[in-house]
>>> print(open('coords_34.cif').read())   # mmCIF, C-alpha atoms
data_data
loop_
_atom_site.label_atom_id
_atom_site.label_comp_id
_atom_site.auth_asym_id
_atom_site.auth_seq_id
_atom_site.Cartn_x
_atom_site.Cartn_y
_atom_site.Cartn_z
CA MET Z 194 -2.54 21.90 3.98
CA ASN Z 195 -5.86 20.03 3.67
CA GLY Z 196 -6.01 16.25 3.47
CA LEU Z 197 -6.70 16.05 -0.27
CA LEU Z 198 -3.82 18.36 -1.22
CA PHE Z 199 -1.45 16.66 1.23
CA SER Z 200 -2.28 13.22 -0.23
CA LEU Z 201 -1.77 14.56 -3.76
CA VAL Z 202 1.63 16.03 -2.90
CA ALA Z 203 2.70 12.81 -1.11
CA PHE Z 204 1.55 10.76 -4.12
CA ILE Z 205 3.48 12.92 -6.60
CA VAL Z 206 6.61 12.74 -4.43
CA ALA Z 207 6.33 8.95 -4.08
CA ILE Z 208 5.67 8.27 -7.76
CA GLY Z 209 8.33 10.78 -8.78
CA VAL Z 210 10.97 9.07 -6.62
CA LEU Z 211 10.04 5.52 -7.69
CA VAL Z 212 9.76 6.32 -11.40
CA THR Z 213 13.10 8.14 -11.28
CA VAL Z 214 14.71 5.11 -9.63
CA HIS Z 215 13.21 2.76 -12.23
CA GLU Z 216 14.15 4.83 -15.27
CA TYR Z 217 17.60 5.59 -13.87
CA GLY Z 218 18.21 1.84 -13.84
CA HIS Z 219 17.57 1.69 -17.59
CA PHE Z 220 19.62 4.86 -18.13
CA TRP Z 221 22.62 3.83 -16.01
CA VAL Z 222 23.02 0.37 -17.52
CA ALA Z 223 22.43 1.63 -21.08
CA ARG Z 224 25.17 4.23 -20.66
CA ARG Z 225 27.57 1.69 -19.11
CA LEU Z 226 26.99 -0.69 -22.05
CA GLY Z 227 27.62 1.97 -24.68
CA VAL Z 228 24.05 2.82 -25.75
CA LYS Z 229 23.28 6.48 -26.41
CA VAL Z 230 20.37 7.91 -24.40
CA LEU Z 231 18.44 10.73 -26.07
CA ARG Z 232 15.89 11.54 -23.39
CA PHE Z 233 15.25 10.77 -19.71
CA SER Z 234 11.64 11.69 -18.94
CA ILE Z 235 9.86 11.70 -15.59
CA GLY Z 236 6.18 11.71 -16.47
CA PHE Z 237 4.37 11.65 -19.79
CA GLY Z 238 2.87 14.30 -22.02
CA LYS Z 239 3.81 17.96 -22.36
CA PRO Z 240 7.22 18.85 -20.88
CA LEU Z 241 6.98 21.26 -17.93
CA TRP Z 242 10.74 21.59 -17.54
CA LYS Z 243 13.74 20.34 -19.47
CA ARG Z 244 17.47 20.74 -19.79
CA ASN Z 245 20.34 18.96 -21.50
CA PHE Z 246 23.28 17.33 -19.78
CA GLY Z 247 26.27 15.05 -20.31
CA GLU Z 248 28.53 14.26 -23.25
CA ASP Z 249 25.60 12.96 -25.30
CA ASN Z 250 23.53 16.10 -24.62
CA THR Z 251 20.81 13.87 -23.12
CA GLU Z 252 17.52 15.70 -22.61
CA LEU Z 253 16.19 15.56 -19.03
CA VAL Z 254 12.42 16.19 -18.93
CA ILE Z 255 9.80 16.57 -16.23
CA ALA Z 256 6.43 16.13 -17.96
CA ALA Z 257 2.86 16.99 -17.04
CA LEU Z 258 1.42 13.54 -16.26
CA PRO Z 259 3.26 12.08 -13.24
CA LEU Z 260 2.17 8.48 -13.72
CA GLY Z 261 5.31 6.99 -15.21
CA GLY Z 262 8.32 7.84 -17.32
CA TYR Z 263 10.61 6.57 -20.02
CA VAL Z 264 14.17 6.51 -21.33
CA LYS Z 265 14.45 7.10 -25.08
CA MET Z 266 17.55 5.53 -26.63
CA LEU Z 267 19.09 5.86 -30.04
CA ASP Z 268 17.26 3.33 -32.24
CA GLU Z 269 17.01 2.89 -36.02
CA ARG Z 270 13.37 1.81 -35.65
CA GLU Z 271 12.46 5.27 -34.36
CA GLY Z 272 14.35 7.48 -36.75
CA GLU Z 273 17.42 7.92 -38.92
CA VAL Z 274 20.73 7.29 -37.17
CA ASP Z 275 24.03 8.85 -38.16
CA PRO Z 276 26.30 6.10 -39.54
CA SER Z 277 29.02 7.11 -37.09
CA GLU Z 278 26.72 6.26 -34.18
CA LEU Z 279 25.19 3.01 -35.42
CA SER Z 280 27.25 1.04 -32.92
CA ARG Z 281 25.52 2.97 -30.10
CA ALA Z 282 21.97 2.26 -31.32
CA PHE Z 283 19.88 0.06 -29.03
CA ASN Z 284 18.64 -2.16 -31.85
CA ARG Z 285 22.24 -2.94 -32.88
CA GLN Z 286 23.15 -4.35 -29.45
CA SER Z 287 23.45 -8.03 -28.65
CA VAL Z 288 20.40 -9.69 -27.15
CA LYS Z 289 22.20 -10.08 -23.81
CA THR Z 290 22.91 -6.35 -23.70
CA ARG Z 291 19.28 -5.53 -24.46
CA ILE Z 292 18.14 -7.94 -21.74
CA ALA Z 293 20.47 -6.27 -19.23
CA ILE Z 294 19.10 -2.81 -20.06
CA VAL Z 295 15.48 -3.94 -19.82
CA VAL Z 296 15.95 -5.82 -16.54
CA ALA Z 297 17.81 -2.89 -14.97
CA GLY Z 298 14.63 -0.85 -14.34
CA PRO Z 299 12.84 -3.40 -12.16
CA ALA Z 300 16.17 -4.41 -10.58
CA PHE Z 301 16.74 -0.84 -9.40
CA ASN Z 302 13.26 -0.84 -7.85
CA PHE Z 303 14.16 -3.94 -5.82
CA LEU Z 304 17.53 -2.46 -4.85
CA PHE Z 305 15.79 0.74 -3.75
CA ALA Z 306 13.37 -1.28 -1.59
CA ILE Z 307 16.33 -3.07 0.04
CA LEU Z 308 17.97 0.30 0.77
CA VAL Z 309 14.74 1.71 2.21
CA TYR Z 310 14.16 -1.29 4.47
CA TRP Z 311 17.81 -1.25 5.57
CA ALA Z 312 17.51 2.42 6.55
CA MET Z 313 14.28 1.69 8.41
CA PHE Z 314 15.75 -1.21 10.36
CA VAL Z 315 18.85 0.79 11.27
CA THR Z 316 16.95 3.88 12.45
CA GLY Z 317 14.18 1.80 14.02
CA MET Z 318 10.88 0.74 12.49
CA PRO Z 319 8.07 1.82 14.83
CA GLY Z 320 4.85 -0.12 14.94
CA LEU Z 321 1.87 -1.00 17.06
CA LYS Z 322 1.70 -4.27 18.91
CA PRO Z 323 -1.02 -6.53 17.46
CA ILE Z 324 -3.46 -6.07 20.33
CA VAL Z 325 -6.96 -7.08 19.30
CA GLY Z 326 -9.80 -4.59 19.55
CA ASP Z 327 -13.16 -5.85 18.32
CA VAL Z 328 -13.71 -9.47 17.31
CA THR Z 329 -16.52 -9.93 14.80
CA PRO Z 330 -19.16 -12.35 16.17
CA ALA Z 331 -19.28 -15.72 14.39
CA SER Z 332 -16.06 -14.89 12.52
CA TYR Z 333 -13.08 -17.21 12.08
CA ALA Z 334 -11.19 -15.33 14.80
CA ALA Z 335 -14.14 -15.58 17.19
CA ASP Z 336 -14.69 -19.28 16.50
CA ALA Z 337 -11.00 -19.93 17.24
CA GLY Z 338 -11.31 -18.25 20.63
CA ILE Z 339 -9.46 -14.98 20.00
CA LEU Z 340 -10.71 -12.32 22.44
CA SER Z 341 -10.68 -8.55 22.61
CA GLY Z 342 -7.48 -7.47 24.36
CA ASP Z 343 -5.45 -10.49 23.22
CA GLU Z 344 -2.04 -9.82 21.67
CA ILE Z 345 -1.23 -11.94 18.63
CA ILE Z 346 2.32 -13.21 19.15
CA SER Z 347 2.72 -15.61 16.21
CA VAL Z 348 1.00 -16.98 13.10
CA GLU Z 349 2.12 -20.42 11.88
CA GLY Z 350 5.15 -20.12 14.15
CA GLN Z 351 6.19 -16.79 12.59
CA PRO Z 352 6.64 -14.08 15.28
CA THR Z 353 4.31 -11.08 14.85
CA LEU Z 354 5.78 -8.10 16.67
CA THR Z 355 3.57 -5.54 14.88
CA TRP Z 356 0.25 -5.36 13.09
CA GLU Z 357 2.12 -5.11 9.78
CA ALA Z 358 3.92 -8.38 10.51
CA THR Z 359 0.61 -9.96 11.53
CA VAL Z 360 -1.11 -8.99 8.28
CA LEU Z 361 1.83 -10.28 6.21
CA ALA Z 362 1.85 -13.58 8.13
CA LEU Z 363 -1.90 -14.06 7.68
CA LEU Z 364 -1.63 -13.14 3.99
CA GLU Z 365 1.15 -15.68 3.53
CA ALA Z 366 -0.98 -18.35 5.23
CA GLY Z 367 -3.84 -17.50 2.86
CA LEU Z 368 -1.57 -17.67 -0.19
CA ASP Z 369 -0.25 -21.04 1.02
CA GLY Z 370 -3.82 -22.32 0.80
CA LEU Z 371 -3.95 -23.45 4.43
CA ASP Z 372 -7.39 -24.38 5.73
CA THR Z 373 -6.11 -24.46 9.33
CA VAL Z 374 -3.77 -21.76 10.69
CA ALA Z 375 -1.98 -21.90 14.04
CA VAL Z 376 -2.24 -18.62 15.96
CA ALA Z 377 -0.66 -17.93 19.36
CA VAL Z 378 -2.05 -15.14 21.54
CA ARG Z 379 -1.27 -13.63 24.94
CA ASP Z 380 -3.95 -12.11 27.16
CA ALA Z 381 -3.57 -8.99 29.32
CA GLY Z 382 -2.45 -11.17 32.24
CA GLY Z 383 0.42 -12.70 30.26
CA GLN Z 384 -1.23 -16.10 29.79
CA GLU Z 385 -0.48 -17.61 26.35
CA ARG Z 386 -2.95 -19.67 24.33
CA HIS Z 387 -2.25 -21.67 21.18
CA LEU Z 388 -5.27 -21.71 18.89
CA GLN Z 389 -6.24 -23.32 15.61
CA VAL Z 390 -8.17 -21.18 13.12
CA ARG Z 391 -10.15 -23.28 10.67
CA PHE Z 392 -11.43 -21.85 7.38
CA GLU Z 393 -14.30 -23.10 5.25
CA THR Z 394 -12.07 -22.87 2.15
CA PRO Z 395 -8.30 -22.27 1.91
CA ASP Z 396 -8.73 -18.85 0.22
CA GLU Z 397 -11.06 -17.20 2.76
CA LEU Z 398 -8.50 -14.51 3.69
CA LEU Z 399 -8.13 -13.46 0.03
CA LYS Z 400 -11.76 -12.60 -0.60
CA LYS Z 401 -13.11 -9.08 -1.01
CA GLY Z 402 -12.02 -6.86 1.86
CA GLY Z 403 -8.84 -6.72 3.90
CA VAL Z 404 -7.09 -9.69 5.49
CA LEU Z 405 -8.02 -8.60 9.02
CA GLU Z 406 -11.62 -7.93 8.03
CA ASN Z 407 -11.94 -11.38 6.48
CA PHE Z 408 -10.27 -12.88 9.55
CA GLY Z 409 -12.79 -11.15 11.80
CA LEU Z 410 -10.90 -8.71 13.98
CA THR Z 411 -9.75 -5.10 14.18
CA PRO Z 412 -6.75 -3.53 15.93
CA TRP Z 413 -7.35 -2.07 19.36
CA GLN Z 414 -8.66 1.48 19.30
CA PRO Z 415 -9.54 3.84 22.14
CA PRO Z 416 -13.17 3.61 23.33
CA ALA Z 417 -15.58 6.47 22.67
CA VAL Z 418 -14.77 8.40 25.85
CA ILE Z 419 -14.98 12.20 25.73
CA GLU Z 420 -11.83 14.06 26.83
CA SER Z 421 -12.96 17.64 26.15
CA LEU Z 422 -15.54 19.65 24.23
CA VAL Z 423 -15.55 22.58 21.83
CA ASP Z 424 -17.45 25.50 23.35
CA GLY Z 425 -20.80 25.88 21.62
CA GLY Z 426 -20.38 22.66 19.62
CA ALA Z 427 -23.12 20.12 19.02
CA ALA Z 428 -21.86 17.86 21.82
CA ALA Z 429 -21.87 20.69 24.37
CA ARG Z 430 -25.36 21.79 23.27
CA ALA Z 431 -26.63 18.22 23.71
CA GLY Z 432 -25.40 18.03 27.31
CA ILE Z 433 -22.50 15.63 26.73
CA LEU Z 434 -19.81 16.04 29.42
CA PRO Z 435 -16.07 15.23 29.61
CA GLY Z 436 -15.66 11.67 30.85
CA ASP Z 437 -18.85 10.42 29.19
CA ARG Z 438 -18.50 7.14 27.30
CA ILE Z 439 -20.76 6.67 24.25
CA VAL Z 440 -22.15 3.14 24.40
CA LEU Z 441 -25.18 3.26 22.07
CA ALA Z 442 -26.20 5.38 19.07
CA ASP Z 443 -29.73 4.83 17.73
CA GLY Z 444 -29.57 1.39 19.33
CA VAL Z 445 -26.25 0.51 17.70
CA ALA Z 446 -23.43 -0.50 20.05
CA ILE Z 447 -20.46 1.87 19.91
CA ASN Z 448 -17.24 0.11 20.89
CA THR Z 449 -14.52 2.45 19.63
CA TRP Z 450 -13.95 6.14 19.02
CA ALA Z 451 -13.35 5.48 15.30
CA GLN Z 452 -16.76 3.79 15.06
CA TRP Z 453 -18.39 6.79 16.77
CA VAL Z 454 -16.62 9.27 14.48
CA ASP Z 455 -17.77 7.40 11.37
CA TYR Z 456 -21.32 7.28 12.71
CA VAL Z 457 -21.35 11.04 13.31
CA ARG Z 458 -19.69 11.92 9.99
CA ASP Z 459 -22.44 10.09 8.07
CA ARG Z 460 -25.25 12.04 9.80
CA PRO Z 461 -24.87 15.81 9.43
CA LEU Z 462 -27.91 17.71 10.77
CA GLN Z 463 -29.60 14.43 11.82
CA ASP Z 464 -30.72 13.68 15.39
CA ILE Z 465 -28.79 10.80 16.98
CA VAL Z 466 -30.25 9.23 20.13
CA ILE Z 467 -27.36 8.12 22.30
CA GLN Z 468 -26.74 6.36 25.59
CA VAL Z 469 -23.72 7.54 27.59
CA ARG Z 470 -22.17 5.95 30.64
CA ARG Z 471 -21.56 8.67 33.24
CA GLU Z 472 -20.15 7.83 36.66
CA GLY Z 473 -21.33 4.24 36.28
CA GLU Z 474 -24.89 5.07 35.20
CA LEU Z 475 -26.53 5.27 31.77
CA SER Z 476 -28.06 8.53 30.54
CA GLY Z 477 -30.04 9.17 27.37
CA LEU Z 478 -29.27 12.21 25.20
CA THR Z 479 -29.95 13.45 21.67
CA VAL Z 480 -27.17 15.09 19.67
CA ARG Z 481 -27.56 16.78 16.29
CA PRO Z 482 -24.17 16.97 14.48
CA ASP Z 483 -23.27 20.22 12.76
CA SER Z 484 -22.67 20.09 9.02
CA VAL Z 485 -19.18 21.02 7.80
CA ALA Z 486 -17.58 20.85 4.34
CA GLU Z 487 -14.67 18.46 3.81
CA ASN Z 488 -13.16 17.62 0.43
CA GLY Z 489 -16.26 18.76 -1.40
CA SER Z 490 -18.83 16.88 0.69
CA GLU Z 491 -20.83 17.56 3.87
CA ILE Z 492 -19.98 15.61 7.01
CA GLY Z 493 -21.23 15.62 10.57
CA ARG Z 494 -19.18 16.98 13.48
CA ILE Z 495 -20.07 17.40 17.16
CA GLY Z 496 -17.00 19.20 18.54
CA ALA Z 497 -15.58 16.62 20.95
CA TYR Z 498 -12.14 15.12 21.50
CA VAL Z 499 -11.29 11.53 22.39
CA GLN Z 500 -9.73 10.55 25.69
CA LEU Z 501 -6.51 8.80 24.75
CA PRO Z 502 -4.60 6.31 26.91
CA ASP Z 503 -2.00 7.90 29.16
CA GLU Z 504 1.68 7.84 28.21
CA GLU Z 505 2.36 4.68 30.19
CA GLN Z 506 -0.44 2.82 28.43
CA ARG Z 507 0.62 4.11 25.01
CA ALA Z 508 4.20 2.96 25.65
CA THR Z 509 3.01 -0.60 26.22
CA MET Z 510 1.30 -0.61 22.82
CA ARG Z 511 4.31 0.55 20.81
CA VAL Z 512 7.24 -1.49 19.57
CA VAL Z 513 10.35 -0.47 17.63
CA VAL Z 514 12.12 -3.06 15.48
CA ARG Z 515 15.78 -2.06 15.20
CA TYR Z 516 18.99 -3.78 14.02
CA GLY Z 517 22.65 -2.84 13.81
CA LEU Z 518 24.25 -1.72 10.53
CA LEU Z 519 25.26 -5.24 9.50
CA LYS Z 520 22.30 -7.21 10.88
CA ALA Z 521 19.96 -4.80 9.07
CA VAL Z 522 21.25 -6.07 5.69
CA PRO Z 523 19.81 -9.63 5.85
CA ALA Z 524 16.69 -8.23 7.52
CA ALA Z 525 16.19 -5.82 4.60
CA LEU Z 526 16.85 -8.58 2.06
CA ASP Z 527 14.35 -10.87 3.82
CA ARG Z 528 11.67 -8.16 3.92
CA THR Z 529 12.14 -7.29 0.24
CA TRP Z 530 12.00 -10.97 -0.74
CA GLU Z 531 8.91 -11.50 1.41
CA VAL Z 532 7.04 -8.55 -0.12
CA THR Z 533 8.14 -9.55 -3.64
CA THR Z 534 6.98 -13.16 -3.37
CA LEU Z 535 3.72 -12.14 -1.69
CA THR Z 536 3.06 -9.69 -4.53
CA PHE Z 537 3.70 -12.28 -7.25
CA ARG Z 538 1.59 -14.88 -5.45
CA THR Z 539 -1.27 -12.46 -4.85
CA LEU Z 540 -1.33 -11.51 -8.53
CA TRP Z 541 -1.38 -15.18 -9.49
CA LYS Z 542 -4.26 -15.83 -7.10
CA MET Z 543 -6.17 -12.94 -8.71
CA VAL Z 544 -5.51 -14.27 -12.23
CA SER Z 545 -6.58 -17.77 -11.20
CA GLY Z 546 -9.75 -16.44 -9.56
CA LYS Z 547 -8.81 -17.46 -6.02
CA ALA Z 548 -8.37 -13.87 -4.79
CA SER Z 549 -10.84 -11.07 -5.31
CA LEU Z 550 -9.98 -8.58 -8.08
CA GLU Z 551 -11.61 -5.95 -5.88
CA ASN Z 552 -8.40 -5.93 -3.83
CA LEU Z 553 -6.62 -4.32 -6.79
CA SER Z 554 -5.83 -0.66 -6.09
CA GLY Z 555 -5.39 2.27 -8.46
CA PRO Z 556 -3.93 5.78 -8.25
CA ILE Z 557 -6.66 7.17 -5.95
CA THR Z 558 -6.14 4.51 -3.27
CA ILE Z 559 -2.37 4.75 -3.63
CA ALA Z 560 -2.58 8.53 -3.18
CA GLN Z 561 -4.67 8.05 -0.03
CA TYR Z 562 -2.13 5.59 1.40
CA ALA Z 563 0.70 7.96 0.45
CA GLY Z 564 -0.94 10.80 2.36
CA GLN Z 565 -1.79 8.63 5.38
CA SER Z 566 1.71 7.15 5.64
CA ALA Z 567 3.39 10.56 5.20
CA ALA Z 568 1.15 12.04 7.90
CA ILE Z 569 2.20 9.32 10.36
CA GLY Z 570 5.91 9.96 9.89
CA LEU Z 571 9.03 9.36 7.82
CA ALA Z 572 9.38 5.69 8.79
CA SER Z 573 5.81 4.94 7.71
CA PHE Z 574 6.29 6.79 4.41
CA LEU Z 575 9.53 4.89 3.75
CA SER Z 576 7.70 1.61 4.37
CA PHE Z 577 5.06 2.71 1.86
CA LEU Z 578 7.80 3.55 -0.68
CA GLY Z 579 9.37 0.13 -0.17
CA ILE Z 580 6.11 -1.71 -0.82
CA VAL Z 581 5.21 0.37 -3.89
CA SER Z 582 8.77 0.09 -5.26
CA VAL Z 583 8.54 -3.70 -5.07
CA SER Z 584 5.08 -3.59 -6.67
CA LEU Z 585 6.41 -1.43 -9.51
CA GLY Z 586 9.28 -3.85 -10.06
CA VAL Z 587 6.94 -6.85 -10.07
CA LEU Z 588 4.42 -5.18 -12.39
CA ASN Z 589 7.12 -4.32 -14.93
CA LEU Z 590 8.39 -7.92 -14.96
CA LEU Z 591 5.01 -9.32 -16.00
CA PRO Z 592 5.23 -10.86 -19.50
CA VAL Z 593 2.95 -8.24 -21.03
CA PRO Z 594 4.10 -6.50 -24.22
CA VAL Z 595 4.86 -2.75 -23.74
CA LEU Z 596 6.09 -3.55 -20.19
CA ASP Z 597 9.71 -4.48 -19.47
CA GLY Z 598 8.62 -8.07 -18.95
CA GLY Z 599 7.10 -8.16 -22.43
CA HIS Z 600 10.33 -6.97 -24.03
CA LEU Z 601 12.22 -9.48 -21.91
CA LEU Z 602 9.94 -12.26 -23.19
CA PHE Z 603 10.66 -11.31 -26.82
CA TYR Z 604 14.42 -11.24 -26.12
CA LEU Z 605 14.33 -14.65 -24.43
CA VAL Z 606 12.51 -16.05 -27.48
CA GLU Z 607 15.22 -14.48 -29.63
CA LEU Z 608 17.89 -16.20 -27.54
CA VAL Z 609 16.21 -19.59 -28.06
CA LYS Z 610 15.39 -19.30 -31.78
CA GLY Z 611 18.53 -17.37 -32.75
CA SER Z 612 16.71 -14.54 -34.52
CA PRO Z 613 14.56 -11.58 -33.45
CA VAL Z 614 10.80 -11.85 -33.14
CA THR Z 615 9.22 -10.44 -36.31
CA ASP Z 616 7.96 -6.86 -36.34
CA ALA Z 617 4.43 -8.12 -37.04
CA VAL Z 618 4.46 -10.29 -33.91
CA GLN Z 619 5.87 -7.46 -31.81
CA LEU Z 620 3.23 -5.03 -33.14
CA ALA Z 621 0.42 -7.50 -32.40
CA GLY Z 622 1.87 -8.08 -28.93
CA GLN Z 623 1.99 -4.35 -28.25
CA LYS Z 624 -1.68 -3.97 -29.19
CA ILE Z 625 -2.62 -6.83 -26.88
CA GLY Z 626 -0.42 -5.39 -24.12
CA ILE Z 627 -1.98 -1.95 -24.40
CA ALA Z 628 -5.46 -3.48 -24.26
CA LEU Z 629 -4.54 -5.52 -21.16
CA LEU Z 630 -3.03 -2.50 -19.42
CA LEU Z 631 -6.06 -0.35 -20.20
CA ALA Z 632 -8.35 -3.08 -18.82
CA LEU Z 633 -6.19 -3.41 -15.70
CA MET Z 634 -6.08 0.36 -15.14
CA SER Z 635 -9.84 0.65 -15.68
CA LEU Z 636 -10.51 -2.10 -13.14
CA ALA Z 637 -8.16 -0.50 -10.60
CA PHE Z 638 -9.76 2.92 -11.10
CA TYR Z 639 -13.23 1.39 -10.81
CA ASN Z 640 -12.24 -0.25 -7.51
CA ASP Z 641 -10.94 3.12 -6.29
CA LEU Z 642 -14.26 4.78 -7.06
CA LEU Z 643 -16.17 2.00 -5.28
CA ARG Z 644 -14.03 2.52 -2.18
CA LEU Z 645 -14.69 6.26 -2.28
CA LEU Z 646 -18.45 5.72 -2.55
CA ASP Z 647 -18.57 2.85 -0.03
#
>>> encode(input="coords_34.cif", output="structure tokens")
Amino acid sequence: MNGLLFSLVAFIVAIGVLVTVHEYGHFWVARRLGVKVLRFSIGFGKPLWKRNFGEDNTELVIAALPLGGYVKMLDEREGEVDPSELSRAFNRQSVKTRIAIVVAGPAFNFLFAILVYWAMFVTGMPGLKPIVGDVTPASYAADAGILSGDEIISVEGQPTLTWEATVLALLEAGLDGLDTVAVAVRDAGGQERHLQVRFETPDELLKKGGVLENFGLTPWQPPAVIESLVDGGAAARAGILPGDRIVLADGVAINTWAQWVDYVRDRPLQDIVIQVRREGELSGLTVRPDSVAENGSEIGRIGAYVQLPDEEQRATMRVVVRYGLLKAVPAALDRTWEVTTLTFRTLWKMVSGKASLENLSGPITIAQYAGQSAAIGLASFLSFLGIVSVSLGVLNLLPVPVLDGGHLLFYLVELVKGSPVTDAVQLAGQKIGIALLLALMSLAFYNDLLRLLD
């Protein structure tokens, strides 16, 4: 299965699972509180498959557009209701019952995230130790004294066992508005250093680009050392040999294999003048990458494989975070709370203009992450599901009409004033909500396209 198709399948599976969880929350609570459910739909648009089930003959639908779903309940505002079933109509329920049904969707997303994180902590959450690769010259990390090969062991006193924990800790420091962040590192010899990273403004980590990029470092990656060659490939034709280390390409320093791969991919059928280190000496060669088709575009490829660290070295770079059945519960709760608060705070920073809106992601980027996480393994995919489930819960709680949070806002107003919000106000709110959602979706899709073309 090619990368594009794999990412699409992973995306559909992820969205299908998370939407089902969300809508099942509405469905389950509505049924328990005596409201009749007419339809449970996964997806929008034309039904691809449907069947009826249960005492109420509820229609279960899988629709063509897998970007959401809905639960349709008996409601006098949407059609005539048999007098014998008026007591089961949604609009006839008390405001507290309606609030419970609306809140249930996001609540189930948070509960699902807790379950996912619990399962991950019990089975073991693998990760890579935060060992620094390249440090960008004149960056905040470089100015603080962080060096290539250092392992980041804590940020603001918070232990950072993995790169994921490191990114979350740095993001939290950025959201806290700190202009000085304490970072502890350990070099290859085991010597620890306690550093102070000073930022020009408190929101430097929240600007356009990723947290690590803004900080000025990248995770360790294998150097551009050739392990083996494809017979007849561009590398073999150019005279590259196993064991060669690529150090320069057209005068540009090549520090990692990923950097070399990107350089080659961007230059199909173009001569690249390289310097390789061979048995301690530099040699000059010219390689002309072959052109191959990938996902509808032409990329360069030379037919060479990277020399990876041996098993002993790889073992020192891995870490598995694991807890017992009971200890995994508070760990899962803490992780869900951490991701939830970080999501809310990041959205607020975007709204207030202190975080770049270019960090907003749409369906294309989410699909790419889905495919990448699924390709790494089940644990990585579950982590992705946990993050997106929390994001879906947070998004639906925003006080925007047409979202759950918008309905919740109207019901809270009803609780205070003692009567429902007028139909005219609700209609105006829905129009505003639809406009806001369309603007948000357009911005997210635009950001996705920029990332594809970048």
>>> resolve_selection(input="coords_34.cif", expression="the PyMOL selection byres ((chain Z and resi 448) around 9)", output="ChimeraX atom specification")
/Z:326-327,414-417,439-441,446-447,449-453
>>> write_last_selection(input="coords_34.cif", atoms="C-alpha atoms", output="mmCIF file, in the coordinates of the input")
data_model
loop_
_atom_site.group_PDB
_atom_site.id
_atom_site.type_symbol
_atom_site.label_atom_id
_atom_site.label_comp_id
_atom_site.auth_asym_id
_atom_site.auth_seq_id
_atom_site.Cartn_x
_atom_site.Cartn_y
_atom_site.Cartn_z
ATOM 1 C CA GLY Z 326 -9.800 -4.590 19.550
ATOM 2 C CA ASP Z 327 -13.160 -5.850 18.320
ATOM 3 C CA GLN Z 414 -8.660 1.480 19.300
ATOM 4 C CA PRO Z 415 -9.540 3.840 22.140
ATOM 5 C CA PRO Z 416 -13.170 3.610 23.330
ATOM 6 C CA ALA Z 417 -15.580 6.470 22.670
ATOM 7 C CA ILE Z 439 -20.760 6.670 24.250
ATOM 8 C CA VAL Z 440 -22.150 3.140 24.400
ATOM 9 C CA LEU Z 441 -25.180 3.260 22.070
ATOM 10 C CA ALA Z 446 -23.430 -0.500 20.050
ATOM 11 C CA ILE Z 447 -20.460 1.870 19.910
ATOM 12 C CA THR Z 449 -14.520 2.450 19.630
ATOM 13 C CA TRP Z 450 -13.950 6.140 19.020
ATOM 14 C CA ALA Z 451 -13.350 5.480 15.300
ATOM 15 C CA GLN Z 452 -16.760 3.790 15.060
ATOM 16 C CA TRP Z 453 -18.390 6.790 16.770
#
>>> resolve_selection(input="coords_34.cif", expression="the PyMOL selection byres ((chain Z and resi 322) around 10)", output="list in words")
Pro319, Gly320, Leu321, Pro323, Ile324, Val325, Glu344, Ile345, Ile346, Thr353, Leu354, Thr355, Trp356, Glu357, Ala358, Thr359, Pro412, Trp413, Thr509, Met510, Arg511, Val512 and Val513 of chain Z
>>> write_last_selection(input="coords_34.cif", atoms="C-alpha atoms", output="mmCIF file, in the frame of the given file")
data_model
loop_
_atom_site.group_PDB
_atom_site.id
_atom_site.type_symbol
_atom_site.label_atom_id
_atom_site.label_comp_id
_atom_site.auth_asym_id
_atom_site.auth_seq_id
_atom_site.Cartn_x
_atom_site.Cartn_y
_atom_site.Cartn_z
ATOM 1 C CA PRO Z 319 8.070 1.820 14.830
ATOM 2 C CA GLY Z 320 4.850 -0.120 14.940
ATOM 3 C CA LEU Z 321 1.870 -1.000 17.060
ATOM 4 C CA PRO Z 323 -1.020 -6.530 17.460
ATOM 5 C CA ILE Z 324 -3.460 -6.070 20.330
ATOM 6 C CA VAL Z 325 -6.960 -7.080 19.300
ATOM 7 C CA GLU Z 344 -2.040 -9.820 21.670
ATOM 8 C CA ILE Z 345 -1.230 -11.940 18.630
ATOM 9 C CA ILE Z 346 2.320 -13.210 19.150
ATOM 10 C CA THR Z 353 4.310 -11.080 14.850
ATOM 11 C CA LEU Z 354 5.780 -8.100 16.670
ATOM 12 C CA THR Z 355 3.570 -5.540 14.880
ATOM 13 C CA TRP Z 356 0.250 -5.360 13.090
ATOM 14 C CA GLU Z 357 2.120 -5.110 9.780
ATOM 15 C CA ALA Z 358 3.920 -8.380 10.510
ATOM 16 C CA THR Z 359 0.610 -9.960 11.530
ATOM 17 C CA PRO Z 412 -6.750 -3.530 15.930
ATOM 18 C CA TRP Z 413 -7.350 -2.070 19.360
ATOM 19 C CA THR Z 509 3.010 -0.600 26.220
ATOM 20 C CA MET Z 510 1.300 -0.610 22.820
ATOM 21 C CA ARG Z 511 4.310 0.550 20.810
ATOM 22 C CA VAL Z 512 7.240 -1.490 19.570
ATOM 23 C CA VAL Z 513 10.350 -0.470 17.630
#
>>> residues_around(input="coords_34.cif", residues="range 426-433 of chain Z", least_positions_apart="2", cutoff="8 Å", atoms="all atoms listed in the file", output="ChimeraX atom specification")
/Z:422-424,435,437,478-483,494-497
>>> atom_distance(input="coords_34.cif", atom1="CA of Leu279 in chain Z", atom2="CA of Leu602 in chain Z")
24.8 Å
>>> resolve_selection(input="coords_34.cif", expression="the PyMOL selection byres ((chain Z and resi 374) around 12)", output="ChimeraX atom specification")
/Z:333-334,337,347-351,362-373,375-377,387-398,408
